[in-house]
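Novice: target-v5.txt is reproduced in full below (compact mmCIF, C-alpha atoms).
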# COMPACT_ATOMS: atom_id res chain seq x y z
CA MET D 1 12.45 -18.81 -35.34
CA ASP D 2 13.66 -20.21 -32.03
CA ASP D 3 15.28 -16.84 -31.32
CA LEU D 4 11.98 -15.09 -31.84
CA LEU D 5 10.19 -17.46 -29.48
CA ASP D 6 12.93 -17.25 -26.85
CA ASP D 7 12.80 -13.45 -26.98
CA LEU D 8 9.03 -13.44 -26.72
CA PHE D 9 9.09 -15.84 -23.78
CA ALA D 10 11.70 -13.69 -22.03
CA GLU D 11 9.60 -10.58 -22.61
CA ALA D 12 6.49 -12.33 -21.33
CA LYS D 13 8.36 -13.55 -18.26
CA ALA D 14 9.49 -10.00 -17.44
CA ASP D 15 6.09 -8.48 -18.19
CA SER D 16 4.24 -7.13 -15.19
CA SER D 17 0.80 -7.08 -16.83
CA PRO D 18 -0.38 -10.27 -15.13
CA ALA D 19 0.59 -8.89 -11.70
CA PRO D 20 -2.45 -8.62 -9.44
CA THR D 21 -3.66 -5.11 -8.63
CA GLU D 22 -3.94 -3.83 -5.06
CA ASP D 23 -7.73 -4.00 -5.33
CA PHE D 24 -7.62 -7.59 -6.42
CA MET D 25 -5.22 -8.52 -3.61
CA ALA D 26 -7.59 -6.89 -1.13
CA ARG D 27 -10.49 -8.93 -2.53
CA VAL D 28 -8.54 -12.17 -2.22
CA LEU D 29 -7.51 -11.31 1.34
CA ALA D 30 -11.11 -10.51 2.23
CA ASP D 31 -12.11 -13.98 0.96
CA ALA D 32 -9.30 -15.57 2.95
CA GLU D 33 -10.37 -13.83 6.14
CA ARG D 34 -14.06 -14.52 5.60
CA LEU D 35 -13.49 -18.25 5.02
CA GLN D 36 -10.81 -18.74 7.66
CA PRO D 37 -11.70 -21.11 10.49
CA GLU D 38 -11.85 -19.39 13.87
CA ALA D 39 -8.86 -19.73 16.16
CA PRO D 40 -9.56 -21.89 19.20
CA PRO D 41 -9.88 -19.92 22.48
CA VAL D 42 -6.52 -19.39 24.17
CA ALA D 43 -7.64 -21.03 27.46
CA ALA D 44 -9.10 -24.06 25.71
CA SER D 45 -6.07 -26.31 25.78
CA PRO D 46 -5.13 -25.89 29.48
CA ALA D 47 -8.80 -26.28 30.44
CA THR D 48 -8.88 -29.79 28.98
CA VAL D 49 -6.61 -30.88 31.86
CA PRO D 50 -8.46 -29.70 35.00
CA SER D 51 -6.10 -28.15 37.52
CA ARG D 52 -6.10 -29.34 41.18
CA GLY D 53 -6.83 -26.97 44.03
CA LEU D 54 -4.42 -26.60 46.93
CA LEU D 55 -6.45 -28.82 49.27
CA ALA D 56 -6.90 -31.50 46.62
CA THR D 57 -3.16 -31.51 45.98
CA LEU D 58 -2.43 -31.78 49.71
CA PHE D 59 -4.99 -34.56 50.09
CA ALA D 60 -3.39 -36.54 47.25
CA THR D 61 0.12 -35.91 48.62
CA LEU D 62 -0.86 -37.35 52.02
CA GLY D 63 -2.04 -40.58 50.44
CA GLY D 64 -5.75 -40.07 49.90
CA TRP D 65 -8.40 -41.09 52.47
CA GLN D 66 -6.24 -43.67 54.22
CA GLY D 67 -3.23 -41.47 54.67
CA THR D 68 -5.22 -38.43 55.65
CA GLY D 69 -7.39 -40.47 58.10
CA GLY D 70 -4.31 -41.85 59.82
CA LEU D 71 -2.81 -38.40 60.08
CA VAL D 72 -6.02 -36.97 61.57
CA ALA D 73 -6.22 -39.80 64.12
CA ALA D 74 -2.60 -39.28 65.15
CA THR D 75 -3.17 -35.57 65.46
CA MET D 76 -6.26 -36.04 67.66
CA ALA D 77 -4.41 -38.55 69.84
CA SER D 78 -1.54 -36.12 70.38
CA VAL D 79 -4.00 -33.36 71.24
CA TRP D 80 -5.64 -35.61 73.84
CA ILE D 81 -2.30 -36.62 75.32
CA GLY D 82 -1.35 -32.99 75.48
CA PHE D 83 -4.45 -32.04 77.42
CA SER D 84 -4.41 -35.03 79.79
CA GLY D 85 -0.76 -34.50 80.75
CA ALA D 86 -1.08 -30.79 81.12
CA ASP D 87 -0.90 -30.89 84.95
CA SER D 88 2.73 -31.92 85.01
CA LEU D 89 3.60 -29.19 82.57
CA THR D 90 2.22 -26.37 84.66
CA VAL D 91 4.55 -24.31 86.86
CA GLU D 92 3.20 -25.98 90.00
CA GLY D 93 3.65 -29.42 88.52
CA LEU D 94 7.30 -28.75 87.63
CA GLN D 95 8.03 -27.34 91.07
CA ALA D 96 6.65 -30.44 92.67
CA VAL D 97 9.07 -32.59 90.64
CA VAL D 98 12.13 -30.35 91.31
CA SER D 99 11.52 -29.85 95.05
CA GLY D 100 11.57 -33.61 95.64
CA ASP D 101 8.41 -33.41 97.57
CA THR D 102 7.15 -36.60 96.05
CA GLU D 103 6.99 -40.14 97.14
CA PHE D 104 8.39 -41.65 93.99
CA TYR D 105 12.04 -42.66 93.64
CA LEU D 106 13.95 -44.40 90.90
CA SER D 107 14.61 -47.36 93.16
CA ASP D 108 10.87 -47.92 93.34
CA LEU D 109 10.72 -48.70 89.64
CA GLY D 110 12.02 -52.29 89.93
CA GLY D 111 12.33 -54.79 92.74
CA ASP D 112 15.77 -56.16 91.82
CA PHE D 113 17.29 -52.88 90.81
CA SER D 114 20.52 -52.33 92.77
CA PHE D 115 24.12 -51.18 92.40
CA ASP D 116 26.89 -53.51 93.38
CA LEU D 117 30.14 -51.55 93.51
CA GLY D 118 32.08 -54.51 94.73
CA GLU D 119 31.71 -56.39 91.47
CA GLY D 120 33.44 -55.35 88.34
CA MET M 121 -0.14 -4.50 1.62
CA PRO M 122 2.65 -5.48 4.08
CA ARG M 123 5.33 -7.98 3.13
CA ASP M 124 5.23 -11.70 3.89
CA SER M 125 6.22 -12.04 7.57
CA PHE M 126 6.69 -15.83 7.29
CA GLN M 127 9.43 -15.83 4.66
CA ASP M 128 11.03 -19.08 5.84
CA ALA M 129 7.80 -21.01 6.31
CA SER M 130 6.61 -23.38 3.59
CA ASP M 131 3.23 -22.87 1.92
CA GLU M 132 2.01 -26.05 3.59
CA ALA M 133 3.05 -24.86 7.06
CA LEU M 134 1.30 -21.55 6.45
CA LEU M 135 -1.87 -23.33 5.42
CA VAL M 136 -1.86 -25.22 8.74
CA LEU M 137 -1.54 -21.89 10.56
CA TYR M 138 -4.32 -20.49 8.39
CA ALA M 139 -6.58 -23.42 9.25
CA ASN M 140 -5.83 -22.76 12.93
CA GLY M 141 -7.12 -19.23 12.56
CA ASP M 142 -3.86 -17.28 12.38
CA PRO M 143 -4.72 -14.00 10.60
CA GLU M 144 -1.08 -13.35 9.66
CA ALA M 145 -1.01 -16.65 7.79
CA ALA M 146 -4.04 -15.56 5.73
CA ARG M 147 -2.19 -12.41 4.76
CA ALA M 148 1.09 -14.19 3.99
CA LEU M 149 -0.58 -16.83 1.82
CA THR M 150 -2.52 -14.17 -0.08
CA LEU M 151 0.68 -12.23 -0.78
CA ARG M 152 2.58 -15.32 -1.80
CA LEU M 153 0.08 -17.24 -3.88
CA THR M 154 -2.05 -14.61 -5.61
CA PRO M 155 0.64 -13.41 -8.07
CA LYS M 156 1.37 -16.98 -9.18
CA VAL M 157 -2.26 -17.92 -9.58
CA MET M 158 -3.13 -14.65 -11.29
CA GLY M 159 -0.13 -14.87 -13.62
CA HIS M 160 -0.98 -18.35 -14.78
CA ALA M 161 -4.67 -17.55 -15.25
CA TYR M 162 -3.81 -14.37 -17.18
CA ARG M 163 -1.47 -16.19 -19.56
CA MET M 164 -3.93 -19.02 -20.08
CA LEU M 165 -6.86 -16.68 -20.79
CA GLY M 166 -5.15 -13.52 -22.07
CA GLU M 167 -7.71 -11.29 -20.39
CA ARG M 168 -7.47 -9.61 -17.00
CA SER M 169 -11.01 -9.68 -15.65
CA GLU M 170 -11.49 -13.32 -16.64
CA ALA M 171 -8.13 -14.17 -15.11
CA GLU M 172 -9.10 -12.42 -11.86
CA ASP M 173 -12.31 -14.42 -11.67
CA VAL M 174 -10.43 -17.68 -12.14
CA ALA M 175 -7.67 -16.75 -9.69
CA GLN M 176 -10.19 -15.70 -7.05
CA GLU M 177 -12.19 -18.90 -7.51
CA ALA M 178 -9.07 -21.10 -7.29
CA LEU M 179 -7.99 -19.41 -4.06
CA ILE M 180 -11.49 -19.63 -2.57
CA ARG M 181 -11.30 -23.38 -3.13
CA LEU M 182 -7.98 -23.44 -1.30
CA TRP M 183 -9.33 -21.47 1.67
CA LYS M 184 -12.28 -23.85 1.94
CA LEU M 185 -10.08 -26.92 1.68
CA ALA M 186 -7.49 -25.67 4.21
CA PRO M 187 -8.79 -27.52 7.32
CA ASP M 188 -8.81 -30.81 5.38
CA TRP M 189 -5.56 -30.31 3.47
CA ARG M 190 -3.54 -33.54 3.53
CA GLN M 191 0.10 -32.80 4.26
CA GLY M 192 2.67 -34.40 2.00
CA GLU M 193 0.36 -35.38 -0.84
CA ALA M 194 0.91 -32.45 -3.21
CA LYS M 195 2.48 -29.04 -3.11
CA ILE M 196 -0.05 -26.25 -2.75
CA THR M 197 1.24 -24.47 -5.85
CA THR M 198 0.98 -27.69 -7.87
CA TRP M 199 -2.62 -28.12 -6.75
CA LEU M 200 -3.39 -24.47 -7.52
CA TYR M 201 -1.89 -24.61 -11.02
CA ARG M 202 -4.05 -27.66 -11.64
CA VAL M 203 -7.21 -25.93 -10.41
CA VAL M 204 -6.43 -22.82 -12.46
CA ALA M 205 -5.86 -24.90 -15.59
CA ASN M 206 -9.18 -26.70 -15.11
CA LEU M 207 -11.08 -23.47 -14.52
CA CYS M 208 -9.44 -21.88 -17.56
CA THR M 209 -10.27 -24.89 -19.71
CA ASP M 210 -13.91 -24.62 -18.67
CA ARG M 211 -13.98 -20.95 -19.64
CA LEU M 212 -12.11 -21.43 -22.90
CA ARG M 213 -14.55 -24.11 -23.97
CA LYS M 214 -17.36 -21.61 -23.59
CA THR M 215 -15.61 -18.88 -25.58
CA LYS M 216 -13.63 -18.80 -28.77
CA GLY M 217 -9.88 -18.08 -28.77
CA VAL M 218 -8.55 -14.74 -29.93
CA ASP M 219 -7.97 -14.54 -33.67
CA LEU M 220 -4.42 -13.56 -34.61
CA ASP M 221 -5.83 -11.04 -37.07
CA ALA M 222 -7.69 -9.34 -34.24
CA ILE M 223 -4.42 -8.11 -32.71
CA PRO M 224 -4.10 -4.38 -33.41
CA GLU M 225 -1.29 -3.31 -35.68
CA PRO M 226 1.50 -1.16 -34.17
CA GLU M 227 0.56 2.49 -34.52
CA ASP M 228 2.78 5.19 -35.89
CA GLU M 229 3.74 7.22 -32.81
CA ALA M 230 6.80 9.08 -31.55
CA ALA M 231 10.03 7.02 -31.43
CA SER M 232 9.92 6.33 -27.67
CA ALA M 233 6.29 5.33 -27.80
CA VAL M 234 6.84 3.06 -30.79
CA GLU M 235 9.10 0.75 -28.79
CA GLN M 236 6.55 0.54 -26.02
CA ILE M 237 3.79 -0.18 -28.47
CA GLN M 238 5.92 -2.77 -30.22
CA HIS M 239 6.64 -4.45 -26.88
CA LYS M 240 2.93 -4.56 -26.15
CA SER M 241 2.24 -5.75 -29.66
CA ARG M 242 4.76 -8.60 -29.34
CA LEU M 243 3.21 -9.73 -26.08
CA ASP M 244 -0.25 -9.57 -27.59
CA ALA M 245 0.96 -11.59 -30.57
CA LEU M 246 2.49 -14.19 -28.29
CA GLN M 247 -0.75 -14.40 -26.32
CA ALA M 248 -2.78 -14.71 -29.48
CA GLY M 249 -0.41 -17.41 -30.72
CA LEU M 250 -0.73 -19.27 -27.41
CA ASN M 251 -4.49 -19.03 -27.67
CA THR M 252 -4.41 -20.95 -30.95
CA LEU M 253 -2.74 -23.97 -29.31
CA PRO M 254 -4.61 -26.96 -27.97
CA GLU M 255 -5.14 -26.38 -24.24
CA ARG M 256 -2.69 -29.02 -22.99
CA GLN M 257 0.08 -27.76 -25.26
CA LYS M 258 -0.64 -24.21 -24.27
CA GLN M 259 -0.52 -25.03 -20.57
CA ALA M 260 2.75 -26.96 -20.95
CA VAL M 261 4.40 -24.16 -22.95
CA ILE M 262 3.30 -21.48 -20.47
CA LEU M 263 4.44 -23.46 -17.44
CA ARG M 264 7.78 -24.37 -19.03
CA HIS M 265 8.80 -21.26 -20.91
CA ILE M 266 7.02 -18.41 -19.12
CA GLU M 267 6.43 -19.60 -15.56
CA GLY M 268 9.84 -21.30 -15.69
CA LEU M 269 8.85 -24.57 -13.98
CA SER M 270 10.80 -27.78 -14.43
CA ASN M 271 9.47 -30.70 -16.50
CA PRO M 272 8.93 -32.94 -13.42
CA GLU M 273 6.94 -30.13 -11.75
CA ILE M 274 4.83 -29.69 -14.87
CA ALA M 275 4.33 -33.45 -15.09
CA GLU M 276 2.92 -33.42 -11.57
CA ILE M 277 0.64 -30.48 -12.29
CA MET M 278 -0.65 -31.99 -15.53
CA GLU M 279 -0.74 -35.50 -14.08
CA VAL M 280 1.28 -37.02 -16.92
CA GLY M 281 4.81 -38.39 -17.31
CA VAL M 282 7.86 -36.21 -17.95
CA GLU M 283 8.15 -37.55 -21.52
CA ALA M 284 4.60 -36.48 -22.23
CA VAL M 285 5.46 -32.98 -20.99
CA GLU M 286 8.49 -32.85 -23.29
CA SER M 287 6.31 -33.90 -26.19
CA LEU M 288 3.60 -31.35 -25.35
CA THR M 289 6.07 -28.46 -25.05
CA ALA M 290 7.89 -29.42 -28.25
CA ARG M 291 4.67 -29.65 -30.26
CA GLY M 292 3.38 -26.48 -28.62
CA LYS M 293 6.50 -24.53 -29.55
CA ARG M 294 6.34 -25.76 -33.14
CA ALA M 295 2.71 -24.77 -33.46
CA LEU M 296 3.43 -21.40 -31.87
CA ALA M 297 6.30 -20.78 -34.27
CA ASN M 298 4.00 -21.55 -37.20
CA ALA M 299 1.32 -19.22 -35.84
CA LEU M 300 3.81 -16.35 -35.54
CA ALA M 301 5.83 -17.06 -38.68
CA GLY M 302 3.93 -14.60 -40.84
CA ARG M 303 4.36 -11.73 -38.37
CA LYS M 304 8.10 -11.69 -37.78
CA GLU M 305 8.88 -8.45 -39.56
CA GLU M 306 5.80 -6.77 -38.22
CA LEU M 307 6.90 -7.65 -34.70
CA GLY M 308 10.35 -6.18 -35.18
CA TYR M 309 12.29 -9.32 -36.14
CA SER M 310 14.04 -9.78 -39.46
CA ASP M 311 14.64 -13.14 -41.11
CA GLY M 312 17.96 -14.82 -40.38
Written as structure tokens, how would this file's structure read?
Specialist:
Amino acid sequence: MDDLLDDLFAEAKADSSPAPTEDFMARVLADAERLQPEAPPVAASPATVPSRGLLATLFATLGGWQGTGGLVAATMASVWIGFSGADSLTVEGLQAVVSGDTEFYLSDLGGDFSFDLGEG
Amino acid sequence: MPRDSFQDASDEALLVLYANGDPEAARALTLRLTPKVMGHAYRMLGERSEAEDVAQEALIRLWKLAPDWRQGEAKITTWLYRVVANLCTDRLRKTKGVDLDAIPEPEDEAASAVEQIQHKSRLDALQAGLNTLPERQKQAVILRHIEGLSNPEIAEIMEVGVEAVESLTARGKRALANALAGRKEELGYSDG
């Protein structure tokens, strides 16, 4: 009797009757698609971390308000120095220095400034 | 329908993809799970349209549960076999099992057709015999001897110990043998 049962089980195992039909598979797939949660938008995950603009990145790189304020002050100071000393940088100003037509000499810079060749 | 494009992915991994909205995962899971679910429902009920209803309902429950599926707790197939068994039990309680005498006798046809009819007749007899078993025995016999699952797998599906599965399958086979004993010759088997 065991042989009979084993044969019947083997036949049942190989039997294709329980295989789902194409129509039934399509119905199941339609259910799966209908009940499937929606995919999150593609841009959603990067958007959760707001990106910095170029200026904001530069501002942070320079050290925030303190760093940027110092840099602005230094820049303004150098602009002022540039304008106020502009006379000596003009062609006339340079000529005046080169031609020696001035009343300033190195020896005028210090009272005790002298060369003593005898010593040494 | 195209073939499963996630052959190396586990059912559980596919379900995560499904819950994340991947349409390919929906297709792959349908292709992979439907034959198993349908096969088990068909063998438990012995009737195609009823089996389709049960299989569809079991899979609908899976689709709905997908976003809340807890990884690592149970295999998806184990859970599905359990759901199918419960749905089949509900249906079987509402209807009577098939009477062995209701199986049509093999008809006298041409030689080639006779074999085919006898094959069909044997399968029908097996199904009718299975339908006479208590539901737990029937489920254990089907899972062990037709679906080809191991005893530990069946134990998990039926939520009992392995020894209980062995006992259920042994008693189920004995009862099935008794149910078919009077039909051996008719089904093409001689004594001995």
Novice: Just need the residues of chain D within 6 Å of chain M, counting all atoms listed in the file, so spit them out as a list in words.
Specialist: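 Within 6 Å of chain M on chain D, we get Phe9, Lys13, Pro18, Ala19, Pro20, Leu29, Ala32, Pro37, Glu38 and Ala39 of chain D.
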Novice: Let me know the centre plus edge lengths, in Å and rounded to one decimal, of a box with edges along x, y and z that contains all listed atoms of region 13-29 of chain D and is padded by 6 Å on every side, as JSON.
Specialist:
{"center_x": -0.5, "center_y": -8.7, "center_z": -8.5, "size_x": 32.0, "size_y": 21.7, "size_z": 31.6}
Novice: Please compute the CA of Thr209 (chain M)-CA of Lys258 (chain M) distance, one decimal, in Å.
Specialist: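 Here the two named atoms are 10.7 Å from each other.
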Novice: Can you tell me how far CA of Leu165 (chain M) sits from CA of Ala299 (chain M), in Å to one decimal?
Specialist: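 These two atoms are separated by 17.3 Å.
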Novice: Have a look at CA of Gln238 (chain M) and CA of Thr252 (chain M) and let me know their distance in Å, one decimal.
Specialist: 20.9 Å
Novice: Identify, on the basis of only C-alpha atoms, every residue whose closest approach to Val285 (chain M) does not exceed 7 Å; exclude the query and any residue fewer than 6 positions from it along the same chain; express the result as a ChimeraX atom specification.
Specialist: /M:260,271,274-275
Novice: Smallest atom-to-atom distance to Arg202 (chain M): which of M:Leu134, M:Val282, M:Ile277, M:Leu253, using all atoms listed in the file?
Specialist: M:Ile277
Novice: Excluding region 71-81 of chain D and its own-chain neighbours fewer than 6 positions away, which residues fall within 10 Å of it when counting all atoms listed in the file? Please give them as a count of residues only.
Specialist: 3
Novice: Measuring atom to atom with all atoms listed in the file, identify which of M:Val136, M:Leu212, M:Ile196, M:Val174 is nearest to Leu153 (chain M).
Specialist: M:Ile196
